[in-house]
Number of protein chains: 4
Amino acid sequence: MHGPTEGRLSRYEDGGGAAGRLGAAVVGLGGAVATTAVAGVELIRLGVCGQDGLPLAARTDLVPYEEIVFGGWDVSADDLAKAAHLHRVLDPAHIEAVAPQLQRLRPWPAVADPEYCRAVVGANVVAADGLRARTERIREDLRRFRDEQDVDQVVVVNLASTERLPDPASPALASVEAFEAALDDGDEAVTPSMLYAYAALREDMAYLNFTPSAGAGVPALTRLAERRGVPIAGKDGKTGQTMVKTVLAPALRSRALRVEGWYSTNLLGNRDGRALEDPDSLASKTATKESVLDSVLGYPVEDHRVRIEFYRPRGDEKEAWDNVDLVGFLGRRMQMKIDFLCRDSVLAAPLVLELVRLLAEARRRGERGVQEQFGYFFKAPMTAHGGVPEHALHRQEQNLLDWLDGADRAAARSVRP
Amino acid sequence: MHGPTEGRLSRYEDGGGAAGRLGAAVVGLGGAVATTAVAGVELIRLGVCGQDGLPLAARTDLVPYEEIVFGGWDVSADDLAKAAHLHRVLDPAHIEAVAPQLQRLRPWPAVADPEYCRAVVGANVVAADGLRARTERIREDLRRFRDEQDVDQVVVVNLASTERLPDPASPALASVEAFEAALDDGDEAVTPSMLYAYAALREDMAYLNFTPSAGAGVPALTRLAERRGVPIAGKDGKTGQTMVKTVLAPALRSRALRVEGWYSTNLLGNRDGRALEDPDSLASKTATKESVLDSVLGYPVEDHRVRIEFYRPRGDEKEAWDNVDLVGFLGRRMQMKIDFLCRDSVLAAPLVLELVRLLAEARRRGERGVQEQFGYFFKAPMTAHGGVPEHALHRQEQNLLDWLDGADRAAARSVRP
Amino acid sequence: MHGPTEGRLSRYEDGGGAAGRLGAAVVGLGGAVATTAVAGVELIRLGVCGQDGLPLAARTDLVPYEEIVFGGWDVSADDLAKAAHLHRVLDPAHIEAVAPQLQRLRPWPAVADPEYCRAVVGANVVAADGLRARTERIREDLRRFRDEQDVDQVVVVNLASTERLPDPASPALASVEAFEAALDDGDEAVTPSMLYAYAALREDMAYLNFTPSAGAGVPALTRLAERRGVPIAGKDGKTGQTMVKTVLAPALRSRALRVEGWYSTNLLGNRDGRALEDPDSLASKTATKESVLDSVLGYPVEDHRVRIEFYRPRGDEKEAWDNVDLVGFLGRRMQMKIDFLCRDSVLAAPLVLELVRLLAEARRRGERGVQEQFGYFFKAPMTAHGGVPEHALHRQEQNLLDWLDGADRAAARSVRP
Amino acid sequence: MHGPTEGRLSRYEDGGGAAGRLGAAVVGLGGAVATTAVAGVELIRLGVCGQDGLPLAARTDLVPYEEIVFGGWDVSADDLAKAAHLHRVLDPAHIEAVAPQLQRLRPWPAVADPEYCRAVVGANVVAADGLRARTERIREDLRRFRDEQDVDQVVVVNLASTERLPDPASPALASVEAFEAALDDGDEAVTPSMLYAYAALREDMAYLNFTPSAGAGVPALTRLAERRGVPIAGKDGKTGQTMVKTVLAPALRSRALRVEGWYSTNLLGNRDGRALEDPDSLASKTATKESVLDSVLGYPVEDHRVRIEFYRPRGDEKEAWDNVDLVGFLGRRMQMKIDFLCRDSVLAAPLVLELVRLLAEARRRGERGVQEQFGYFFKAPMTAHGGVPEHALHRQEQNLLDWLDGADRAAARSVRP
């Protein structure tokens, strides 16, 4: 029935019955990444698109892409056909091919707090008063979605614009109990992304944070995930410049080429770029981008700079320009420049689809709390219990494949020269 | 006595006595790479240079750099101080610091055959008549070098300008016996690089081929290496553009970003570049450069081009400009451009030093024939018995470290997603 | 009736009656440049496109774009809607908007000689036997076109794929009389582009050569143009890389920054690129590209290289990468790199439209022979009587504006675009 | 005596006697630009350097470079040999060749006000109390310099690090009288660069401002220059990125390629870069850089950004990376990227030398006040009486040559370098 993908589904479906129907409840459903992911699944269903950009397309032991059904919130009430048209990410012929399906998808009203994300506004906002009431409203949305779609499980996905970072030392975020009290008290330390994460965990649904916002990445919520036995993953999708950085930097280290300076510029003109015009949101974003390099190299690079510029001519077509100053044998200097003319949502959407499938699999296996083995997908991989994250892409890939294949995690070794 | 490096030598010296004194007999001693390597060792001895560019600087179980003594052949009779001055690779202050040592080093007359390398000529050429007589002369040079320097062993290193490739189907290269007969008959299939390789093997000395020339990479000579129990390694050092290619391509494959085209330009103006103005030599070079990509990606890239241009303004400062055309999710196109402003000899020389140390270690361990685990250093890694070489840098690195640490080679697994 | 452009037409039309209707008979009508030019005029008629890319859009003393009607030959019989779809130059929405008009335009059978352009073939070829018969057939086409369209005059435009260059010393091309005899004898020195040029001149029609082929650029035909009082212009449109070169080089000369090397790479994947896979056609193209630099700088650049590569992933989107090695004060070296991600036909088509208007104006003014003042548009500007062409863009622009001013000085001062 | 330059001097010296000896009193004598200019003149005297980078090297009607003698102030007391060594701009062999001459040159104590330039400090500071006293001290320095060196005239040159900009509406800067009062009152509106400019004008010496600071560019001082009949020129030398911008932008306008966005990044690591870490100084710098583009294009570019980054790995080797987003025919988008790997002081120093010669010539001709015809050299050309400056390089060049021609038309036609 699925045509070109029929063969590779058989093994999965052997697993049993309706197990495959999987719900994805997306915060920021009308955004460029979410719209691209939704359209992508519809195009895969139609059989008109190949597997480019999907790293785990060959894994028949994960839920097929075609079995994912979408719902979610957005501050804009536009249906997804209109959103796809505005974002200008997809080939117009592709949008047309799946327009009827996209038109049927209209975002639920969002829980947005203007204090936390000043640059993006919209009319499609829920009226619930108080933090606790907001979480209740989100939980109702999630239950209704699960029941109406008759899905086996739901993964909650944060694709909303970047919020400002919370104070990491806030007592309200330090324990589950304090967080519960903070919800009742309307504590300022709680950000919208945490409300969605909390709601997901209370409904025993897996949670994915593809943004630099806090989401479930505060002690109160990672502990809640462990207690309830729910897998969580994040944060901040590793798509363009940072992906390239975590590929090149390990090689430079391997060849003992010392990095004296690394200057990174990002030009982007989509809604995410506009959100970063808010200095607080920008600080969240650059923080995760900057932490990576020193960790991979094993020494501090004093002249490491990351600039992100909202630059409208590009729309969703992002440019990441990197300059690396190297010192080689006998102190001789060299330079490497990388110009990546990429497309933000085109790189991000397939990774979101893979993570939804992986979190469903983790839930099936009974994994709980932070899923470190999904660090391959993130700029700022969450770690359990204060561990130091691995950033080198090839080692992250190995960790992911080991988990998928059930390999002994104890086999990990120190491999550095 | 060695000052800053004293500490890390102790473990090695525990091994015993004069074991450390290691001879390197270099074909092309006056070239930019060799001169840089020699000057580098002198500067390390003086303690004025750090470990930048030396991937295995921390390995105390290999011969210390300071224990390597150099000799070798060149078509130019200039001493190495003069050569270093002409090549303009090193900081002038560095050349001055080691000028007395470099002045003492004067290349032996080379065995050069104008038929095989038309673009580079020089007056410092040996007069021996006939192939067999030439190999005898080379062997005498090697024995004299070993005895005069009182070294424990000698590694013969090919750093000469690129020759044209031999006919791989030539019967003269198919077996040790045929090769011996070809030496006596003056068979055209035998190239100068083979004469040096043959001489090394007959003297039971390890052989390293850092160039695209044939060297020991024909069946007759790999078998001779196995028979005599001598390790050999090659070929064509992986320094700039191809190194970057074997780092990026595995990541693009990992992320399922399809490579539709890859256009590579090299601008270089040193003696190696001039040698490549000979179309036959150029063909040798581009052949090894082009074979890499498809192997790493797992599919053929129809629009893969490699251009090498002799361009004088740069001298030893090479520019490698790459453009990659990518197809991502839903068929959307992206581009990546990498401009590597590197220095050919600065990248190559430390790898040569590491390989000399590694071959000495392999000889000590009794390894024989092609040393596949050194593929990390080569654009066209030799494999034993027709195997397919691994090109991805991070997997090559793992293979190297496994060998150094004595890890079980059987543990290798298929890790591709 | 013309909507947004109505105002600026009035003054021109005051000049008198049907004077504006102007025919353009294009050799290579189905190619990317021609199709873009035709679609552009239709879109201007619809009022949906602005004046971007049209240097003389403000000149109300030239024929309005809307008054140009097209016809022409092509080896492919596809109508222009189909051609536009295949070339992928235009926004699909734009093609759709003018599809009915484009569908009505179907190329006439071409006079093509496989000897002269091996790489491009097509079925839409005229059967006329012998050179003379071919010119007769072309002249019939031109007369029919003029009469059917009821135009005031016709400009013949060469946009066909690049031919190999003729032998400049051939006696057959040295005089009108020799050329006439060569037509009768079937002399090999006569190339297809000359046949069209000859036919145009014999019909007293202006001739424009936007390609590197010979066209009217041989003594026999420039003299014929002078004798018959017909203006001609060429050759090889200056669009991307060479345009930038003739802008930067004068500035480098002005600042006395010495150019030690200039390395130019072109990646292009359209039909013109495929034609350049024929080494003879490529030689025509690079010859005009290479001659420019030394002329602008006033001294020879020994390391000036121009590479053109047929590289399919780009289609009509061309990439021109330039590297310039500079020497400044006290011999210090610097580099400049320019990467122009342009679109070949988008840059060329509006220049063709301007040249058609300018040649019509030249014809109206009674100018005869080579129109040097149009050098602004060409990589290899034709000069009358062996003059040395001006290549610096800003001086070419001044020459053009001075000529325009000569006609109507009062209107001209505000014209600088 | 002058060797290779002897010939071209004779004509100038025919003009009469000691007329050629010209003093240059430099504010910021120990900086990279000034040190390079001084060393350059010494190397020209030695005949070891050519005329690269000197736009007016062929003008024999200007004072020969060899006739310029230097003096000046700096916050560092290092002699110029030491300064040249630290700046790492020149070839070490060149520094050595003129070390004796450079060692004899030791900067006079500077008048520096830490309020106005916080990032650069030094011990070589004059103790004069109050603004008036400071100007007296500067005037004494100038008179002493003129007398000791026995020069015909002195040009005062501002090459100091960038100050913050003054309030343009300040009444203290509006008239000569108000300014004189402000000096007596110690008014905060008066910046150090104004003190030097005022002192120069009071001593009837020409004044050149090569920096973005105010210098003589306030109404009070331009009027003073006019009253006293002294020529002044400025401001902010046009060397790298902006020079390229004023070359490309006129061409893009000429071809009607619409600029939708222009993103400019500067990486530089010398003392000037460090001074720009002070946000007020940075604002001065970016203001002059940003104003240029709209003026040349004739319309506002909304997405025009200029970033300047202090980035140490480069030292004086600056990188200017520009990205231009273009819209061409039928709305199709294109991009141009320019990466200029330049050397700040190498580009600036020869322009300073030319301006010193030109101001001496202007003084000789009796020109007074702002010298608009020198706009060719500046990012923010001063204009007299509120005129709008010309920014296009080729038109600025024409203006300069026209002025030079006015003096000696017979000599001028061959001057275009």
# chains A, B, ... in the order shown; residues from 1 in each chain; ligands from 1
call {"tool": "interface_residues", "arguments": {"of": "chain D", "to": "chain B", "cutoff": "12 Å", "atoms": "only C-alpha atoms", "output": "compact mmCIF listing (two decimals) with N, CA and C atoms, in the first residue's frame"}}
result
# COMPACT_ATOMS: atom_id res chain seq x y z
N ASP D 91 58.67 42.89 5.98
CA ASP D 91 59.63 41.80 5.83
C ASP D 91 60.80 42.06 6.80
N PRO D 92 61.14 41.08 7.65
CA PRO D 92 62.24 41.29 8.60
C PRO D 92 63.53 41.78 7.93
N ALA D 93 63.78 41.29 6.71
CA ALA D 93 64.99 41.74 6.01
C ALA D 93 64.93 43.23 5.70
N LYS D 337 30.39 37.16 -3.15
CA LYS D 337 31.16 37.17 -1.91
C LYS D 337 32.58 37.59 -2.24
N ASP D 339 36.35 38.07 -0.47
CA ASP D 339 37.19 37.87 0.71
C ASP D 339 38.53 38.53 0.41
N LEU D 341 42.02 39.34 1.74
CA LEU D 341 43.05 39.05 2.75
C LEU D 341 44.14 40.08 2.58
call {"tool": "select_by_dssp", "arguments": {"residues": "stretch 44-162 of chain C", "states": "alpha helix (DSSP H)", "output": "ChimeraX atom specification"}}
result
/C:44-46,80-87,92-97,99-103,131-149
call {"tool": "residues_around", "arguments": {"residues": "stretch 252-258 of chain D", "least_positions_apart": "3", "cutoff": "6 Å", "atoms": "only C-alpha atoms", "output": "PyMOL selection string"}}
result
(chain C and resi 52-55+417) or (chain D and resi 249+297+326-328)
call {"tool": "residues_around", "arguments": {"residues": "stretch 72-76 of chain A", "least_positions_apart": "4", "cutoff": "9 Å", "atoms": "only C-alpha atoms", "output": "number ranges by chain"}}
result
A: 24-31, 83, 106-112, 120-126, 141-142, 145, 156-157, 160
call {"tool": "write_last_selection", "arguments": {"atoms": "N, CA and C atoms", "output": "mmCIF file, in the first residue's frame"}}
result
data_model
loop_
_atom_site.group_PDB
_atom_site.id
_atom_site.type_symbol
_atom_site.label_atom_id
_atom_site.label_comp_id
_atom_site.auth_asym_id
_atom_site.auth_seq_id
_atom_site.Cartn_x
_atom_site.Cartn_y
_atom_site.Cartn_z
ATOM 1 N N ALA A 24 2.847 13.126 17.121
ATOM 2 C CA ALA A 24 3.850 14.140 17.441
ATOM 3 C C ALA A 24 3.106 15.437 17.718
ATOM 4 N N ALA A 25 3.192 15.899 18.962
ATOM 5 C CA ALA A 25 2.526 17.147 19.357
ATOM 6 C C ALA A 25 3.582 18.236 19.419
ATOM 7 N N VAL A 26 3.509 19.175 18.483
ATOM 8 C CA VAL A 26 4.616 20.098 18.268
ATOM 9 C C VAL A 26 4.305 21.494 18.813
ATOM 10 N N VAL A 27 5.186 21.999 19.657
ATOM 11 C CA VAL A 27 5.098 23.400 20.072
ATOM 12 C C VAL A 27 5.766 24.232 18.973
ATOM 13 N N GLY A 28 5.004 25.081 18.304
ATOM 14 C CA GLY A 28 5.533 25.827 17.156
ATOM 15 C C GLY A 28 5.212 25.112 15.857
ATOM 16 N N LEU A 29 4.004 24.546 15.760
ATOM 17 C CA LEU A 29 3.639 23.711 14.608
ATOM 18 C C LEU A 29 3.638 24.498 13.301
ATOM 19 N N GLY A 30 3.408 25.819 13.379
ATOM 20 C CA GLY A 30 3.348 26.616 12.148
ATOM 21 C C GLY A 30 4.700 27.129 11.692
ATOM 22 N N GLY A 31 5.748 26.835 12.442
ATOM 23 C CA GLY A 31 7.082 27.310 12.089
ATOM 24 C C GLY A 31 7.642 26.582 10.879
ATOM 25 N N ALA A 83 1.121 28.292 5.939
ATOM 26 C CA ALA A 83 2.427 28.454 6.584
ATOM 27 C C ALA A 83 3.552 28.017 5.636
ATOM 28 N N ARG A 106 -4.429 22.662 11.438
ATOM 29 C CA ARG A 106 -4.508 24.035 11.919
ATOM 30 C C ARG A 106 -4.027 24.031 13.380
ATOM 31 N N PRO A 107 -3.051 24.855 13.720
ATOM 32 C CA PRO A 107 -2.479 24.793 15.076
ATOM 33 C C PRO A 107 -3.486 25.137 16.174
ATOM 34 N N TRP A 108 -3.295 24.472 17.311
ATOM 35 C CA TRP A 108 -4.071 24.804 18.508
ATOM 36 C C TRP A 108 -3.530 26.116 19.077
ATOM 37 N N PRO A 109 -4.347 26.852 19.838
ATOM 38 C CA PRO A 109 -3.846 28.095 20.455
ATOM 39 C C PRO A 109 -2.674 27.806 21.395
ATOM 40 N N ALA A 110 -1.674 28.666 21.344
ATOM 41 C CA ALA A 110 -0.446 28.445 22.108
ATOM 42 C C ALA A 110 -0.503 29.084 23.487
ATOM 43 N N VAL A 111 0.326 28.579 24.387
ATOM 44 C CA VAL A 111 0.551 29.231 25.682
ATOM 45 C C VAL A 111 1.832 30.045 25.537
ATOM 46 N N ALA A 112 1.681 31.350 25.332
ATOM 47 C CA ALA A 112 2.881 32.170 25.114
ATOM 48 C C ALA A 112 2.927 33.263 26.158
ATOM 49 N N VAL A 120 8.547 37.464 18.805
ATOM 50 C CA VAL A 120 7.562 36.761 17.992
ATOM 51 C C VAL A 120 6.195 36.880 18.651
ATOM 52 N N VAL A 121 5.250 37.445 17.937
ATOM 53 C CA VAL A 121 3.911 37.562 18.501
ATOM 54 C C VAL A 121 2.900 37.010 17.528
ATOM 55 N N GLY A 122 1.723 36.683 18.037
ATOM 56 C CA GLY A 122 0.673 36.150 17.188
ATOM 57 C C GLY A 122 -0.628 36.145 17.964
ATOM 58 N N ALA A 123 -1.716 35.978 17.230
ATOM 59 C CA ALA A 123 -3.027 36.144 17.848
ATOM 60 C C ALA A 123 -3.593 34.849 18.398
ATOM 61 N N ASN A 124 -2.968 33.731 18.053
ATOM 62 C CA ASN A 124 -3.540 32.426 18.383
ATOM 63 C C ASN A 124 -3.031 31.955 19.741
ATOM 64 N N VAL A 125 -3.478 32.671 20.814
ATOM 65 C CA VAL A 125 -2.912 32.440 22.140
ATOM 66 C C VAL A 125 -4.005 32.029 23.111
ATOM 67 N N VAL A 126 -3.670 31.099 23.974
ATOM 68 C CA VAL A 126 -4.640 30.594 24.942
ATOM 69 C C VAL A 126 -4.802 31.598 26.083
ATOM 70 N N ASP A 141 -5.106 19.326 25.895
ATOM 71 C CA ASP A 141 -4.798 19.265 24.453
ATOM 72 C C ASP A 141 -4.141 17.933 24.100
ATOM 73 N N LEU A 142 -3.191 17.523 24.931
ATOM 74 C CA LEU A 142 -2.440 16.292 24.640
ATOM 75 C C LEU A 142 -3.337 15.064 24.730
ATOM 76 N N PHE A 145 -5.677 15.003 21.756
ATOM 77 C CA PHE A 145 -4.929 14.602 20.548
ATOM 78 C C PHE A 145 -4.722 13.087 20.515
ATOM 79 N N VAL A 156 6.093 14.767 22.582
ATOM 80 C CA VAL A 156 5.926 16.227 22.563
ATOM 81 C C VAL A 156 7.244 16.845 22.097
ATOM 82 N N VAL A 157 7.136 17.736 21.120
ATOM 83 C CA VAL A 157 8.326 18.258 20.452
ATOM 84 C C VAL A 157 8.362 19.780 20.563
ATOM 85 N N ALA A 160 9.486 25.704 19.135
ATOM 86 C CA ALA A 160 9.112 27.119 19.249
ATOM 87 C C ALA A 160 10.346 28.003 19.183
#
call {"tool": "calpha_fit_rmsd", "arguments": {"fixed": "chain A", "moving": "chain C"}}
result
3.0 Å
call {"tool": "residues_around", "arguments": {"residues": "B:His391", "least_positions_apart": "4", "cutoff": "8 Å", "atoms": "only C-alpha atoms", "output": "list in words"}}
result
Thr246, Val292, Ser295, Val296, Gly375, Tyr376, Lys379, Pro381, Arg395 and Gln396 of chain B
call {"tool": "residues_around", "arguments": {"residues": "stretch 182-189 of chain D", "least_positions_apart": "5", "cutoff": "8 Å", "atoms": "only C-alpha atoms", "output": "PyMOL selection string"}}
result
chain D and resi 130-132+166-167+170+172-173
call {"tool": "write_last_selection", "arguments": {"atoms": "C-alpha atoms", "output": "PDB file, in the first residue's frame"}}
result
ATOM      1  CA  GLY D 130      44.633  72.465  30.305  1.00  0.00           C
ATOM      2  CA  LEU D 131      43.640  72.453  26.635  1.00  0.00           C
ATOM      3  CA  ARG D 132      45.256  75.769  25.765  1.00  0.00           C
ATOM      4  CA  PRO D 166      32.162  64.577  19.471  1.00  0.00           C
ATOM      5  CA  ASP D 167      28.629  65.894  19.685  1.00  0.00           C
ATOM      6  CA  SER D 170      28.108  71.315  20.376  1.00  0.00           C
ATOM      7  CA  ALA D 172      31.941  75.008  21.174  1.00  0.00           C
ATOM      8  CA  LEU D 173      32.705  73.543  17.754  1.00  0.00           C
TER       9      LEU D 173
END
call {"tool": "residues_around", "arguments": {"residues": "stretch 267-271 of chain D", "least_positions_apart": "6", "cutoff": "9 Å", "atoms": "only C-alpha atoms", "output": "MDAnalysis selection string"}}
result
(chainID A and resid 263) or (chainID D and resid 31:32 87 120 161 307:321 344)
call {"tool": "atom_distance", "arguments": {"atom1": "atom CA of B:Ile68", "atom2": "atom CA of B:Leu105"}}
result
13.7 Å
call {"tool": "atom_distance", "arguments": {"atom1": "atom CA of A:Leu221", "atom2": "atom CA of A:Ala392"}}
result
26.8 Å
call {"tool": "atom_distance", "arguments": {"atom1": "atom CA of C:Gln371", "atom2": "atom CA of C:Ala233"}}
result
5.5 Å
call {"tool": "select_by_dssp", "arguments": {"residues": "stretch 69-177 of chain C", "states": "strand (DSSP E)", "output": "VMD selection string"}}
result
chain C and resid 69 to 74 108 to 109 153 to 158
call {"tool": "write_last_selection", "arguments": {"atoms": "N, CA and C atoms", "output": "JSON list (two decimals), in the first residue's frame"}}
result
[["chain", "number", "residue", "atom", "x", "y", "z"],
["C", 69, "VAL", "N", 9.38, 42.35, -31.10],
["C", 69, "VAL", "CA", 8.76, 41.05, -31.40],
["C", 69, "VAL", "C", 9.86, 40.09, -31.83],
["C", 70, "PHE", "N", 9.70, 38.82, -31.43],
["C", 70, "PHE", "CA", 10.77, 37.85, -31.62],
["C", 70, "PHE", "C", 10.44, 36.78, -32.64],
["C", 71, "GLY", "N", 11.47, 36.32, -33.30],
["C", 71, "GLY", "CA", 11.43, 35.13, -34.13],
["C", 71, "GLY", "C", 12.84, 34.57, -34.13],
["C", 72, "GLY", "N", 13.04, 33.42, -34.79],
["C", 72, "GLY", "CA", 14.41, 32.93, -34.83],
["C", 72, "GLY", "C", 14.51, 31.44, -35.04],
["C", 73, "TRP", "N", 15.77, 31.01, -35.16],
["C", 73, "TRP", "CA", 16.08, 29.63, -35.49],
["C", 73, "TRP", "C", 16.56, 28.87, -34.25],
["C", 74, "ASP", "N", 16.37, 27.56, -34.26],
["C", 74, "ASP", "CA", 17.01, 26.73, -33.23],
["C", 74, "ASP", "C", 17.07, 25.29, -33.71],
["C", 108, "TRP", "N", 12.31, 28.44, -36.03],
["C", 108, "TRP", "CA", 12.46, 27.99, -37.40],
["C", 108, "TRP", "C", 13.62, 26.99, -37.47],
["C", 109, "PRO", "N", 13.63, 26.12, -38.47],
["C", 109, "PRO", "CA", 14.77, 25.17, -38.58],
["C", 109, "PRO", "C", 16.08, 25.91, -38.76],
["C", 153, "GLN", "N", 12.05, 47.57, -38.57],
["C", 153, "GLN", "CA", 13.34, 47.01, -38.92],
["C", 153, "GLN", "C", 13.57, 45.75, -38.09],
["C", 154, "VAL", "N", 14.57, 44.97, -38.54],
["C", 154, "VAL", "CA", 14.90, 43.72, -37.86],
["C", 154, "VAL", "C", 16.36, 43.78, -37.44],
["C", 155, "VAL", "N", 16.63, 43.33, -36.19],
["C", 155, "VAL", "CA", 18.00, 43.12, -35.74],
["C", 155, "VAL", "C", 18.24, 41.62, -35.64],
["C", 156, "VAL", "N", 19.31, 41.15, -36.28],
["C", 156, "VAL", "CA", 19.64, 39.72, -36.21],
["C", 156, "VAL", "C", 20.61, 39.51, -35.04],
["C", 157, "VAL", "N", 20.29, 38.56, -34.18],
["C", 157, "VAL", "CA", 21.01, 38.37, -32.92],
["C", 157, "VAL", "C", 21.58, 36.97, -32.84],
["C", 158, "ASN", "N", 22.89, 36.85, -32.68],
["C", 158, "ASN", "CA", 23.48, 35.53, -32.53],
["C", 158, "ASN", "C", 23.60, 35.16, -31.05]]
call {"tool": "decode", "arguments": {"residues": "stretch 136-168 of chain B", "atoms": "C-alpha atoms", "output": "compact mmCIF listing (two decimals), in the first residue's frame"}}
result
# COMPACT_ATOMS: atom_id res chain seq x y z
CA GLU B 136 73.59 -1.83 -6.39
CA ARG B 137 74.68 1.76 -6.08
CA ILE B 138 71.62 2.62 -3.95
CA ARG B 139 72.27 -0.37 -1.71
CA GLU B 140 75.85 0.74 -1.21
CA ASP B 141 74.61 4.19 -0.22
CA LEU B 142 72.26 2.64 2.30
CA ARG B 143 74.87 0.37 3.86
CA ARG B 144 77.36 3.21 4.09
CA PHE B 145 74.74 5.45 5.72
CA ARG B 146 73.81 2.77 8.27
CA ASP B 147 77.41 2.07 9.17
CA GLU B 148 78.63 5.66 9.30
CA GLN B 149 75.70 6.81 11.43
CA ASP B 150 75.77 3.71 13.58
CA VAL B 151 71.97 3.49 13.58
CA ASP B 152 69.91 0.60 14.74
CA GLN B 153 67.85 0.54 11.59
CA VAL B 154 67.16 2.62 8.50
CA VAL B 155 63.80 3.60 7.00
CA VAL B 156 63.91 4.50 3.31
CA VAL B 157 61.52 7.35 2.51
CA ASN B 158 60.30 8.37 -0.95
CA LEU B 159 59.69 12.12 -1.12
CA ALA B 160 60.78 12.58 -4.74
CA SER B 161 58.66 14.37 -7.33
CA THR B 162 55.81 12.38 -8.79
CA GLU B 163 56.66 9.96 -11.63
CA ARG B 164 54.31 8.76 -14.31
CA LEU B 165 52.43 5.61 -13.35
CA PRO B 166 53.63 2.25 -14.69
CA ASP B 167 51.37 -0.07 -16.65
CA PRO B 168 49.75 -2.11 -13.84
